[in-house]
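Participant: Next comes the structure file coords_34.tsv, holding TSV, C-alpha atoms and all ligand atoms.
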```tsv
chain	number	residue	atom	x	y	z
A	12	MET	CA	20.52	-24.22	-5.53
A	13	ALA	CA	21.39	-20.59	-5.04
A	14	GLU	CA	24.56	-19.11	-6.44
A	15	PRO	CA	27.19	-18.30	-3.79
A	16	SER	CA	26.34	-15.27	-1.66
A	17	SER	CA	28.37	-12.71	0.20
A	18	VAL	CA	25.93	-12.78	3.11
A	19	ASP	CA	25.98	-16.24	4.57
A	20	GLN	CA	26.72	-14.92	8.02
A	21	ALA	CA	24.26	-13.23	10.31
A	22	MET	CA	22.44	-10.15	9.06
A	23	LYS	CA	20.65	-7.34	10.87
A	24	ALA	CA	16.86	-7.34	10.83
A	25	ILE	CA	13.93	-5.84	12.68
A	26	VAL	CA	12.37	-8.64	14.72
A	27	GLN	CA	8.79	-8.91	15.99
A	28	THR	CA	8.21	-11.77	18.41
A	29	ARG	CA	4.59	-10.91	19.32
A	30	TYR	CA	1.79	-8.55	18.45
A	31	GLY	CA	2.02	-5.27	20.32
A	32	SER	CA	3.47	-1.79	20.10
A	33	PRO	CA	5.92	-0.71	17.38
A	34	ASP	CA	8.17	0.20	20.35
A	35	ASP	CA	8.56	-3.54	21.05
A	36	LEU	CA	10.34	-4.11	17.75
A	37	VAL	CA	14.07	-4.77	18.05
A	38	LEU	CA	17.00	-4.62	15.65
A	39	ARG	CA	18.83	-7.90	15.98
A	40	GLU	CA	21.25	-10.26	14.23
A	41	VAL	CA	19.49	-13.19	12.59
A	42	ASP	CA	20.34	-15.87	10.05
A	43	PRO	CA	20.07	-14.70	6.47
A	44	PRO	CA	17.05	-16.05	4.57
A	45	GLU	CA	17.30	-19.24	2.52
A	46	VAL	CA	16.82	-18.79	-1.21
A	47	GLY	CA	14.09	-21.03	-2.69
A	48	ASP	CA	14.38	-22.35	-6.24
A	49	ASP	CA	12.02	-19.66	-7.58
A	50	GLU	CA	13.39	-16.92	-5.31
A	51	VAL	CA	15.81	-14.05	-5.53
A	52	ARG	CA	17.79	-12.90	-2.51
A	53	VAL	CA	17.82	-9.13	-2.48
A	54	ARG	CA	20.25	-6.95	-0.54
A	55	VAL	CA	17.79	-4.39	0.74
A	56	ARG	CA	18.51	-0.72	0.09
A	57	ALA	CA	15.06	0.65	0.93
A	58	ALA	CA	11.75	-0.63	2.29
A	59	SER	CA	8.52	1.23	2.94
A	60	LEU	CA	6.34	1.77	5.95
A	61	HIS	CA	2.57	1.92	5.45
A	62	PRO	CA	-0.60	1.42	7.50
A	63	ASP	CA	-0.74	-2.32	6.82
A	64	VAL	CA	2.66	-2.79	8.47
A	65	TRP	CA	1.08	-1.16	11.53
A	66	HIS	CA	-1.78	-3.70	11.32
A	67	VAL	CA	0.61	-6.65	11.37
A	68	VAL	CA	2.85	-5.23	14.09
A	69	THR	CA	-0.07	-4.53	16.43
A	70	GLY	CA	-2.19	-7.52	15.36
A	71	GLN	CA	-5.15	-5.14	15.04
A	72	PRO	CA	-7.87	-5.59	14.11
A	73	TRP	CA	-7.80	-9.16	15.36
A	74	VAL	CA	-9.59	-10.57	12.31
A	75	LEU	CA	-6.60	-9.77	10.09
A	76	ARG	CA	-4.56	-12.41	11.95
A	77	LEU	CA	-6.75	-15.00	10.24
A	78	MET	CA	-5.65	-13.73	6.82
A	79	GLY	CA	-2.30	-15.52	6.93
A	80	GLY	CA	-0.21	-13.46	9.34
A	81	GLY	CA	-0.42	-15.84	12.31
A	82	ILE	CA	-3.02	-16.07	15.08
A	83	PHE	CA	-1.05	-15.68	18.30
A	84	ARG	CA	2.20	-14.30	16.94
A	85	PRO	CA	3.42	-13.33	13.49
A	86	ARG	CA	4.37	-16.35	11.41
A	87	ASN	CA	7.26	-14.43	9.86
A	88	PRO	CA	9.00	-12.39	12.59
A	89	ILE	CA	10.44	-9.80	10.19
A	90	PRO	CA	8.00	-7.05	9.05
A	91	GLY	CA	7.93	-5.18	5.75
A	92	THR	CA	6.25	-5.88	2.41
A	93	ASP	CA	7.92	-3.54	-0.09
A	94	VAL	CA	11.55	-3.59	-1.13
A	95	ALA	CA	14.06	-2.05	-3.50
A	96	GLY	CA	17.62	-3.31	-3.65
A	97	VAL	CA	20.33	-5.28	-5.41
A	98	VAL	CA	20.07	-8.95	-6.37
A	99	GLU	CA	22.57	-10.92	-4.37
A	100	SER	CA	21.84	-14.51	-5.40
A	101	VAL	CA	19.20	-16.40	-7.33
A	102	GLY	CA	17.48	-19.80	-7.04
A	103	SER	CA	17.91	-22.50	-9.68
A	104	GLU	CA	14.62	-21.73	-11.47
A	105	VAL	CA	15.13	-17.99	-11.69
A	106	THR	CA	15.55	-16.77	-15.27
A	107	ARG	CA	14.92	-13.01	-15.23
A	108	PHE	CA	17.49	-11.78	-12.72
A	109	ARG	CA	21.20	-12.09	-12.03
A	110	PRO	CA	23.37	-10.98	-9.11
A	111	GLY	CA	23.94	-7.24	-9.32
A	112	ASP	CA	20.57	-6.40	-10.92
A	113	LEU	CA	18.64	-3.51	-9.35
A	114	VAL	CA	15.09	-4.55	-8.50
A	115	PHE	CA	11.95	-3.54	-6.61
A	116	GLY	CA	8.74	-5.30	-5.64
A	117	GLU	CA	6.61	-6.92	-2.97
A	118	THR	CA	8.16	-9.50	-0.68
A	119	SER	CA	5.25	-11.60	0.58
A	120	ARG	CA	3.71	-14.50	-1.32
A	121	SER	CA	0.59	-13.98	0.74
A	122	ASN	CA	-0.93	-10.50	1.22
A	123	GLU	CA	-0.16	-7.15	2.83
A	124	TRP	CA	-1.48	-8.32	6.21
A	125	THR	CA	1.51	-10.63	6.67
A	126	ASN	CA	5.11	-9.89	7.47
A	127	GLY	CA	7.20	-10.06	4.33
A	128	GLY	CA	10.70	-9.79	5.78
A	129	ALA	CA	11.70	-6.54	4.05
A	130	PHE	CA	12.96	-4.75	7.19
A	131	ALA	CA	16.31	-6.53	7.04
A	132	GLU	CA	19.65	-6.39	5.28
A	133	CYS	CA	18.52	-9.21	2.99
A	134	VAL	CA	15.20	-10.71	1.97
A	135	SER	CA	14.28	-13.64	-0.28
A	136	VAL	CA	11.53	-12.75	-2.73
A	137	PRO	CA	9.66	-14.82	-5.33
A	138	GLU	CA	11.03	-13.86	-8.75
A	139	ALA	CA	7.50	-13.13	-10.00
A	140	LEU	CA	7.00	-10.35	-7.45
A	141	LEU	CA	10.04	-8.37	-8.59
A	142	ALA	CA	10.66	-6.04	-11.50
A	143	PRO	CA	13.81	-4.28	-12.66
A	144	LYS	CA	14.10	-0.89	-10.98
A	145	PRO	CA	13.68	1.80	-13.64
A	146	ASP	CA	16.67	4.07	-14.23
A	147	GLY	CA	16.16	7.51	-12.75
A	148	VAL	CA	13.99	6.17	-9.91
A	149	SER	CA	15.85	5.98	-6.60
A	150	PHE	CA	15.71	2.93	-4.31
A	151	GLU	CA	13.65	4.99	-1.85
A	152	GLU	CA	11.16	6.04	-4.54
A	153	ALA	CA	10.89	2.52	-5.95
A	154	ALA	CA	10.25	1.00	-2.51
A	155	SER	CA	7.38	3.43	-1.93
A	156	VAL	CA	5.25	2.05	-4.76
A	157	PRO	CA	4.60	-1.74	-4.81
A	158	THR	CA	1.89	-2.48	-2.22
A	159	SER	CA	0.07	0.86	-2.41
A	160	GLY	CA	0.22	0.55	-6.19
A	161	TYR	CA	-1.25	-2.95	-6.04
A	162	ILE	CA	-4.17	-1.76	-3.90
A	163	ALA	CA	-4.78	1.12	-6.34
A	164	LEU	CA	-4.69	-1.15	-9.41
A	165	LEU	CA	-6.82	-3.79	-7.72
A	166	ASN	CA	-9.55	-1.23	-7.10
A	167	LEU	CA	-9.32	0.41	-10.53
A	168	ARG	CA	-10.43	-2.68	-12.41
A	169	GLY	CA	-13.69	-4.06	-13.69
A	170	GLY	CA	-16.57	-1.65	-13.34
A	171	THR	CA	-14.34	0.96	-11.74
A	172	VAL	CA	-11.86	1.09	-14.61
A	173	VAL	CA	-11.34	4.71	-15.65
A	174	ARG	CA	-11.93	5.88	-19.22
A	175	PRO	CA	-10.81	9.09	-20.93
A	176	GLY	CA	-13.00	12.00	-19.89
A	177	ASP	CA	-14.37	10.34	-16.73
A	178	ARG	CA	-14.72	12.53	-13.68
A	179	VAL	CA	-12.92	10.76	-10.84
A	180	LEU	CA	-12.81	11.87	-7.22
A	181	VAL	CA	-10.06	10.47	-4.99
A	182	ASN	CA	-10.81	11.01	-1.31
A	183	GLY	CA	-7.60	10.81	0.73
A	184	ALA	CA	-5.53	11.46	-2.41
A	185	GLY	CA	-2.52	12.64	-0.42
A	186	GLY	CA	-1.86	9.22	1.12
A	187	GLY	CA	0.09	6.21	-0.09
A	188	VAL	CA	-2.73	4.55	-2.04
A	189	GLY	CA	-4.60	7.73	-3.01
A	190	ALA	CA	-1.56	9.44	-4.57
A	191	ILE	CA	-1.03	6.46	-6.89
A	192	ALA	CA	-4.76	6.08	-7.69
A	193	LEU	CA	-4.86	9.79	-8.62
A	194	GLN	CA	-1.95	9.35	-11.02
A	195	ILE	CA	-3.27	6.13	-12.60
A	196	ALA	CA	-6.65	7.83	-13.16
A	197	LYS	CA	-4.86	10.78	-14.80
A	198	ALA	CA	-2.81	8.42	-16.98
A	199	ARG	CA	-6.10	6.85	-18.16
A	200	GLY	CA	-7.36	10.26	-19.21
A	201	ALA	CA	-9.67	11.16	-16.33
A	202	ARG	CA	-10.39	14.56	-14.92
A	203	VAL	CA	-9.42	14.12	-11.27
A	204	THR	CA	-10.67	15.87	-8.16
A	205	ALA	CA	-8.34	15.18	-5.24
A	206	VAL	CA	-9.55	15.56	-1.65
A	207	ASP	CA	-7.20	15.88	1.32
A	208	THR	CA	-6.03	18.27	4.00
A	209	THR	CA	-4.80	21.88	3.44
A	210	GLY	CA	-1.07	21.14	3.61
A	211	LYS	CA	-1.21	18.47	0.89
A	212	LEU	CA	-3.08	20.41	-1.78
A	213	ASP	CA	0.02	21.74	-3.58
A	214	MET	CA	1.44	18.22	-3.71
A	215	LEU	CA	-1.84	16.96	-5.20
A	216	ARG	CA	-1.76	19.66	-7.88
A	217	SER	CA	1.84	18.72	-8.69
A	218	LEU	CA	0.75	15.08	-9.12
A	219	GLY	CA	-1.76	16.17	-11.76
A	220	ALA	CA	-5.03	16.79	-9.89
A	221	ASP	CA	-7.28	19.03	-12.00
A	222	GLU	CA	-9.11	20.24	-8.92
A	223	VAL	CA	-8.44	19.96	-5.20
A	224	VAL	CA	-10.82	19.99	-2.26
A	225	ASP	CA	-9.66	20.73	1.27
A	226	TYR	CA	-11.60	18.37	3.50
A	227	THR	CA	-11.09	20.65	6.50
A	228	GLU	CA	-13.02	23.40	4.65
A	229	GLU	CA	-15.45	21.63	2.37
A	230	ASP	CA	-17.54	18.46	2.23
A	231	PHE	CA	-17.17	16.95	-1.27
A	232	THR	CA	-20.56	15.24	-0.98
A	233	ARG	CA	-22.28	18.64	-0.76
A	234	ARG	CA	-20.64	20.49	-3.66
A	235	GLY	CA	-23.33	19.58	-6.19
A	236	VAL	CA	-20.72	17.97	-8.48
A	237	ARG	CA	-21.25	14.41	-9.68
A	238	HIS	CA	-18.49	11.95	-10.55
A	239	ASP	CA	-18.16	8.74	-12.56
A	240	LEU	CA	-16.01	7.19	-9.84
A	241	ILE	CA	-15.37	7.92	-6.18
A	242	PHE	CA	-12.21	6.19	-4.95
A	243	ASP	CA	-12.63	6.56	-1.21
A	244	VAL	CA	-9.63	5.91	1.04
A	245	PRO	CA	-10.74	7.22	4.49
A	246	GLY	CA	-14.41	6.27	4.11
A	247	ASN	CA	-15.43	9.14	6.36
A	248	HIS	CA	-18.80	9.69	4.64
A	249	SER	CA	-21.76	7.33	4.47
A	250	LEU	CA	-22.55	5.64	1.18
A	251	ARG	CA	-25.75	7.67	1.09
A	252	ALA	CA	-23.77	10.92	1.25
A	253	CYS	CA	-21.25	9.74	-1.37
A	254	ARG	CA	-24.06	8.85	-3.78
A	255	ARG	CA	-24.97	12.56	-3.86
A	256	ALA	CA	-21.62	13.09	-5.61
A	257	LEU	CA	-22.01	10.15	-8.06
A	258	THR	CA	-23.68	10.03	-11.45
A	259	ALA	CA	-26.46	7.46	-11.82
A	260	GLU	CA	-24.02	5.08	-13.53
A	261	GLY	CA	-21.06	6.15	-11.38
A	262	LYS	CA	-19.12	3.70	-9.20
A	263	TYR	CA	-18.07	3.86	-5.58
A	264	VAL	CA	-15.08	1.95	-4.22
A	265	LEU	CA	-14.02	1.96	-0.57
A	266	ILE	CA	-10.41	1.30	0.44
A	267	GLY	CA	-10.89	2.06	4.15
A	268	HIS	CA	-8.55	3.30	6.85
A	269	GLU	CA	-8.50	2.35	10.52
A	270	GLY	CA	-6.64	5.53	11.54
A	271	PHE	CA	-3.97	3.47	13.37
A	272	GLY	CA	-6.54	2.22	15.85
A	273	ALA	CA	-8.49	5.47	16.15
A	274	SER	CA	-11.55	3.78	14.63
A	275	GLY	CA	-11.69	1.64	17.80
A	276	LYS	CA	-12.75	-1.43	15.80
A	277	ARG	CA	-10.23	-3.74	17.42
A	278	ILE	CA	-11.81	-7.11	16.63
A	279	PHE	CA	-13.46	-7.00	13.20
A	280	GLY	CA	-12.10	-3.70	11.88
A	281	LEU	CA	-13.86	-2.53	8.73
A	282	PHE	CA	-15.02	-6.03	7.71
A	283	PRO	CA	-18.68	-5.50	8.74
A	284	ARG	CA	-18.75	-2.36	6.59
A	285	PHE	CA	-17.25	-4.19	3.59
A	286	ILE	CA	-19.69	-7.07	4.00
A	287	GLY	CA	-22.54	-4.51	4.15
A	288	LEU	CA	-21.32	-2.97	0.87
A	289	ILE	CA	-21.09	-6.40	-0.78
A	290	VAL	CA	-24.67	-7.19	0.24
A	291	ARG	CA	-25.88	-3.77	-0.97
A	292	SER	CA	-24.09	-4.26	-4.29
A	293	PHE	CA	-26.83	-6.77	-5.25
A	294	PHE	CA	-29.29	-3.86	-5.23
A	295	THR	CA	-27.03	-0.87	-6.02
A	296	GLY	CA	-25.25	-0.86	-9.39
A	297	GLN	CA	-22.92	1.89	-8.17
A	298	LEU	CA	-21.24	-0.72	-5.93
A	299	ARG	CA	-20.89	-3.45	-8.55
A	300	MET	CA	-17.37	-4.07	-9.86
A	301	GLY	CA	-18.62	-6.05	-12.85
A	302	ARG	CA	-16.92	-9.14	-14.20
A	303	SER	CA	-13.17	-8.80	-14.11
A	304	SER	CA	-10.21	-10.87	-13.11
A	305	ILE	CA	-8.20	-9.81	-10.10
A	306	PRO	CA	-4.75	-8.65	-11.23
A	307	SER	CA	-1.96	-10.84	-9.90
A	308	ARG	CA	0.78	-9.18	-7.91
A	309	ALA	CA	3.19	-10.13	-10.69
A	310	GLU	CA	1.02	-8.28	-13.24
A	311	SER	CA	0.75	-5.37	-10.84
A	312	ILE	CA	4.49	-4.85	-10.37
A	313	ALA	CA	5.08	-5.08	-14.14
A	314	ASN	CA	2.33	-2.49	-14.70
A	315	LEU	CA	3.68	-0.20	-12.00
A	316	ARG	CA	7.14	-0.40	-13.51
A	317	GLU	CA	5.71	0.71	-16.86
A	318	HIS	CA	4.07	3.68	-15.14
A	319	LEU	CA	7.34	4.60	-13.43
A	320	GLU	CA	9.29	4.31	-16.68
A	321	ALA	CA	6.72	6.38	-18.56
A	322	GLY	CA	6.70	8.99	-15.79
A	323	THR	CA	2.94	8.56	-15.29
A	324	ILE	CA	3.55	7.67	-11.65
A	325	THR	CA	5.84	9.97	-9.69
A	326	PRO	CA	6.61	8.42	-6.30
A	327	VAL	CA	6.44	10.81	-3.36
A	328	VAL	CA	8.79	10.18	-0.45
A	329	ASP	CA	8.10	12.09	2.76
A	330	SER	CA	11.20	11.02	4.67
A	331	ALA	CA	13.75	8.24	5.04
A	332	TYR	CA	14.97	6.66	8.28
A	333	PRO	CA	17.74	4.10	8.86
A	334	LEU	CA	16.49	0.68	9.95
A	335	ALA	CA	17.75	1.35	13.48
A	336	GLU	CA	15.32	4.28	13.75
A	337	LEU	CA	12.21	2.28	12.88
A	338	ARG	CA	10.40	3.29	16.07
A	339	GLU	CA	10.82	6.97	15.22
A	340	ALA	CA	9.67	6.25	11.65
A	341	PHE	CA	6.52	4.60	13.02
A	342	ARG	CA	5.88	7.52	15.35
A	343	HIS	CA	6.21	9.94	12.44
A	344	MET	CA	3.81	7.91	10.27
A	345	ILE	CA	1.19	7.64	13.01
A	346	GLU	CA	1.36	11.12	14.55
A	347	ASP	CA	2.48	13.59	11.88
A	348	GLU	CA	0.98	14.87	8.65
A	349	LEU	CA	2.93	13.15	5.87
A	350	ARG	CA	3.76	14.36	2.35
A	351	GLY	CA	4.29	10.97	0.75
A	352	LYS	CA	5.71	7.71	2.02
A	353	VAL	CA	7.97	7.01	5.00
A	354	ILE	CA	10.93	4.91	3.88
A	355	LEU	CA	13.46	2.79	5.76
A	356	THR	CA	16.95	2.73	4.34
A	357	VAL	CA	19.42	-0.10	4.77
A	358	GLY	CA	23.15	-0.14	4.24
B	1	LIG	N1	0.01	2.23	1.54
B	1	LIG	C1	0.07	0.95	1.35
B	1	LIG	O1	1.10	0.43	0.90
B	1	LIG	C2	-1.13	0.09	1.62
B	1	LIG	C3	-1.09	-1.21	1.16
B	1	LIG	C4	-2.19	-2.00	1.31
B	1	LIG	C5	-3.30	-1.52	1.93
B	1	LIG	N2	-3.31	-0.27	2.43
B	1	LIG	C6	-4.51	0.16	3.12
B	1	LIG	O2	-5.09	1.19	2.38
B	1	LIG	C7	-5.58	2.17	3.27
B	1	LIG	C8	-4.99	3.51	2.92
B	1	LIG	O3	-3.60	3.46	3.08
B	1	LIG	P1	-2.71	4.71	2.75
B	1	LIG	O4	-1.31	4.25	2.79
B	1	LIG	O5	-3.19	5.40	1.54
B	1	LIG	O6	-3.01	5.61	4.02
B	1	LIG	P2	-2.46	7.07	4.33
B	1	LIG	O7	-1.14	7.25	3.66
B	1	LIG	O8	-2.58	7.25	5.80
B	1	LIG	O9	-3.47	8.01	3.55
B	1	LIG	C9	-4.75	8.38	3.99
B	1	LIG	C10	-5.00	9.78	3.49
B	1	LIG	O10	-6.35	10.14	3.79
B	1	LIG	C11	-6.30	11.45	4.34
B	1	LIG	N3	-7.48	11.73	5.15
B	1	LIG	C12	-7.68	11.52	6.48
B	1	LIG	N4	-8.91	11.92	6.83
B	1	LIG	C13	-9.48	12.39	5.70
B	1	LIG	C14	-10.75	12.95	5.44
B	1	LIG	N5	-11.67	13.14	6.39
B	1	LIG	N6	-11.04	13.33	4.18
B	1	LIG	C15	-10.12	13.17	3.19
B	1	LIG	N7	-8.89	12.65	3.39
B	1	LIG	C16	-8.59	12.26	4.64
B	1	LIG	C17	-5.05	11.47	5.15
B	1	LIG	O11	-4.68	12.78	5.48
B	1	LIG	P3	-4.25	13.21	6.98
B	1	LIG	O12	-2.77	13.29	6.95
B	1	LIG	O13	-4.92	14.50	7.15
B	1	LIG	O14	-4.75	12.15	7.91
B	1	LIG	C18	-4.10	10.77	4.19
B	1	LIG	O15	-3.57	11.68	3.24
B	1	LIG	C19	-5.23	1.71	4.69
B	1	LIG	O16	-6.34	1.07	5.26
B	1	LIG	C20	-4.14	0.74	4.48
B	1	LIG	O17	-4.14	-0.24	5.50
B	1	LIG	C21	-2.26	0.56	2.26
```
Once you've parsed the file, please lay out its structure as structure tokens.
Facilitator:
Amino acid sequence: MAEPSSVDQAMKAIVQTRYGSPDDLVLREVDPPEVGDDEVRVRVRAASLHPDVWHVVTGQPWVLRLMGGGIFRPRNPIPGTDVAGVVESVGSEVTRFRPGDLVFGETSRSNEWTNGGAFAECVSVPEALLAPKPDGVSFEEAASVPTSGYIALLNLRGGTVVRPGDRVLVNGAGGGVGAIALQIAKARGARVTAVDTTGKLDMLRSLGADEVVDYTEEDFTRRGVRHDLIFDVPGNHSLRACRRALTAEGKYVLIGHEGFGASGKRIFGLFPRFIGLIVRSFFTGQLRMGRSSIPSRAESIANLREHLEAGTITPVVDSAYPLAELREAFRHMIEDELRGKVILTVG
């Protein structure tokens, strides 16, 4: 049983009834979410927009619909996977939070290719996926971190874990995932080379990059410098080319980016490429992650909170839009050059 709530009447939320264009999304009044026994109802103050929200809104590539989001239409009609806000009520099994607490975290029990309900005035979130919002970190900043941070931590484990003195190259370091990977690598003592476009290089230096490479001017695979880890977000070079910039024992990890449909891979997306890398990993040690457990999302948010508290992750917010301007926020994310995350603010 949840404690009494101030929002038992309708609330405003972004609603997606089918896969299609972000322009089809509407702001509408809906019933507030129920609060499960292990859930916390959060009054949303900020939520973040990122490329995976685009995937779920458009239903592209098609294969991602099989990952839990819903085959013909989204199972949860309210998008959004990252939230920061104020606890409004808690379920009977919740022990760590009380109404009034300031929290941030991921909203979906499933994965980032499902709608998590964050683009609304209120969202119910499993207690385990939330952490207290650190003092000195705004709601907007906190909401920018959870899912990108999870992807970064997930791919900096096992054989790709960074040790002091390692040379790490982050390709696409100016984006949501890359900017956090850069900072986690720095916190672990690496010397980091950050690759991105001209206008983001100052930002990358300010986040701690030891060296920056402008991809519009220089090809990092042809600089004659070898790295212990390449953390590759855009995946715009072949594995063969990337191996030129890896030490013999170095590791390569691909995150991948569909360029908001520009890759043209509408059915299977990057899956064939990932499967190819998995097959090659049997023969190429540089692709092997080694034995390691996958961090849970609960572990991830606790770890990210520690980084935020310690100041080893500085969130970067490009811009903030009210929920009612979601379409414009999408347009900005897809068409413009961002300096950090696009955030939606509520209330
Ligand atoms: N962010 C999240 O919360 C999240 C969560 C889960 C999964 N993912 C997935 O992770 C992937 C990356 O997401 P993201 O949020 O980091 O994307 P992003 O914010 O769009 O970042 C991609 C970065 O790569 C840069 N880039 C583009 N072409 C490049 C090139 N040729 N060489 C070097 N850098 C280049 C982009 O710069 P330009 O501005 O020049 O294009 C941008 O800074 C996506 O596939 C996404 O679906 C993201």
Participant: Using all atoms listed in the file, which of the listed residues (A:Pro157, A:Gly261, A:Pro85, A:Gly270) sits closest to Gly187 (chain A)?
Facilitator: A:Pro157
Participant: Which residues are close to Gly31 (chain A), i.e. within 10 Å by only C-alpha atoms, leaving aside same-chain residues fewer than 6 positions away? Reply as a list in words.
Facilitator: Trp65, His66, Val67, Val68, Thr69, Gly70, Gln71 and Arg84 of chain A
Participant: Could you list, with a cut-off of 10 Å and counting all atoms listed in the file, the residues of region 299-329 of chain A near region 192-212 of chain A, each shown with its nearest atom pair and the distance in Å rounded to one decimal, rows sorted by chain and ascending number, as a tab-separated table?
Facilitator:
```
residue	atom	partner	partner_atom	distance
A:Leu315	CA	A:Ile195	CA	9.4
A:His318	CA	A:Ile195	CA	8.1
A:Ala321	CA	A:Ala198	CA	9.9
A:Gly322	CA	A:Ala198	CA	9.6
A:Thr323	CA	A:Ala198	CA	6.0
A:Ile324	CA	A:Gln194	CA	5.8
A:Thr325	CA	A:Gln194	CA	7.9
A:Pro326	CA	A:Gln194	CA	9.8
```
Participant: Given a cut-off of 8 Å, what residues near ligand LIG 1 (chain B) show up using all atoms listed in the file, put as a PyMOL selection string?
Facilitator: chain A and resi 59-64+66+93+123+155-162+182-190+206-208+211+225-227+244-247+266-270+344+347-352
Participant: Could you check how far CA of Gly219 (chain A) sits from CA of Leu167 (chain A), in Å to one decimal?
Facilitator: 17.5 Å
Participant: Please provide the set of residues having any atom within 10 Å of Val55 (chain A), restricted to only C-alpha atoms, with same-chain residues fewer than 4 positions apart removed, written as a list of chain:residue names.
Facilitator: A:Asp93, A:Val94, A:Ala95, A:Gly96, A:Val97, A:Val98, A:Glu99, A:Val114, A:Phe115, A:Ala129, A:Phe130, A:Ala131, A:Glu132, A:Cys133, A:Val134, A:Ser135, A:Phe150, A:Ala154, A:Leu355, A:Thr356, A:Val357, A:Gly358
Participant: Check the smallest atom-to-atom distance from each of A:Leu36, A:Arg308, A:Leu337, A:Arg302 to Ser119 (chain A) using all atoms listed in the file, then report the winner.
Facilitator: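 Result for the nearest residue to Ser119 (chain A): A:Arg308.
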Participant: What's the 10 Å shell around Ala252 (chain A), counting all atoms listed in the file, without same-chain residues fewer than 6 positions away, as a list in words?
Facilitator: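 Non-adjacent residues within range: Asp230, Phe231, Thr232 and Arg233 of chain A.
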Participant: Could you tell me how far CA of Gly170 (chain A) lies from CA of Gly235 (chain A), in Å and to one decimal?
Facilitator: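 These atoms are spaced 23.4 Å apart.
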Participant: Using CA of Ser217 (chain A) and CA of Glu152 (chain A) as the two end points, give the distance in Å to one decimal.
Facilitator: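 Result for CA of Ser217 (chain A) versus CA of Glu152 (chain A): 16.3 Å, one decimal.
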Participant: Skipping near chain neighbours, those fewer than 6 positions away, what residues fall within 10 Å of Ala340 (chain A) using all atoms listed in the file, listed as a PyMOL selection string?
Facilitator: chain A and resi 33+60+330-334+353-355
Participant: Name the closest residue to Val224 (chain A) among the candidates A:Glu260, A:Pro143, A:Leu180, A:Asn122; distances are taken between atoms, counting all atoms listed in the file.
Facilitator: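 Nearest to Val224 (chain A): A:Leu180.
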Participant: Any chance you could tabulate, as CSV, the residues of region 21-107 of chain A at most 7 Å from region 274-284 of chain A with each one's nearest atom pair and distance in Å to one decimal, using all atoms listed in the file, in chain and rising number order?
Facilitator:
```
residue,atom,partner,partner_atom,distance
A:Gln71,CA,A:Arg277,CA,5.8
A:Pro72,CA,A:Arg277,CA,4.5
A:Trp73,CA,A:Ile278,CA,4.7
A:Val74,CA,A:Phe279,CA,5.3
```
Participant: When you count all atoms listed in the file, which of these residues is closest to Ile305 (chain A): A:Glu320, A:Leu164, A:Val327, A:Gly287?
Facilitator: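 Closest to Ile305 (chain A), using all atoms listed in the file: A:Leu164.
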Participant: Given only C-alpha atoms as the basis, pick out the residue of A:Arg29, A:Arg251, A:Arg178, A:Lys144 nearest to Glu222 (chain A).
Facilitator: A:Arg178
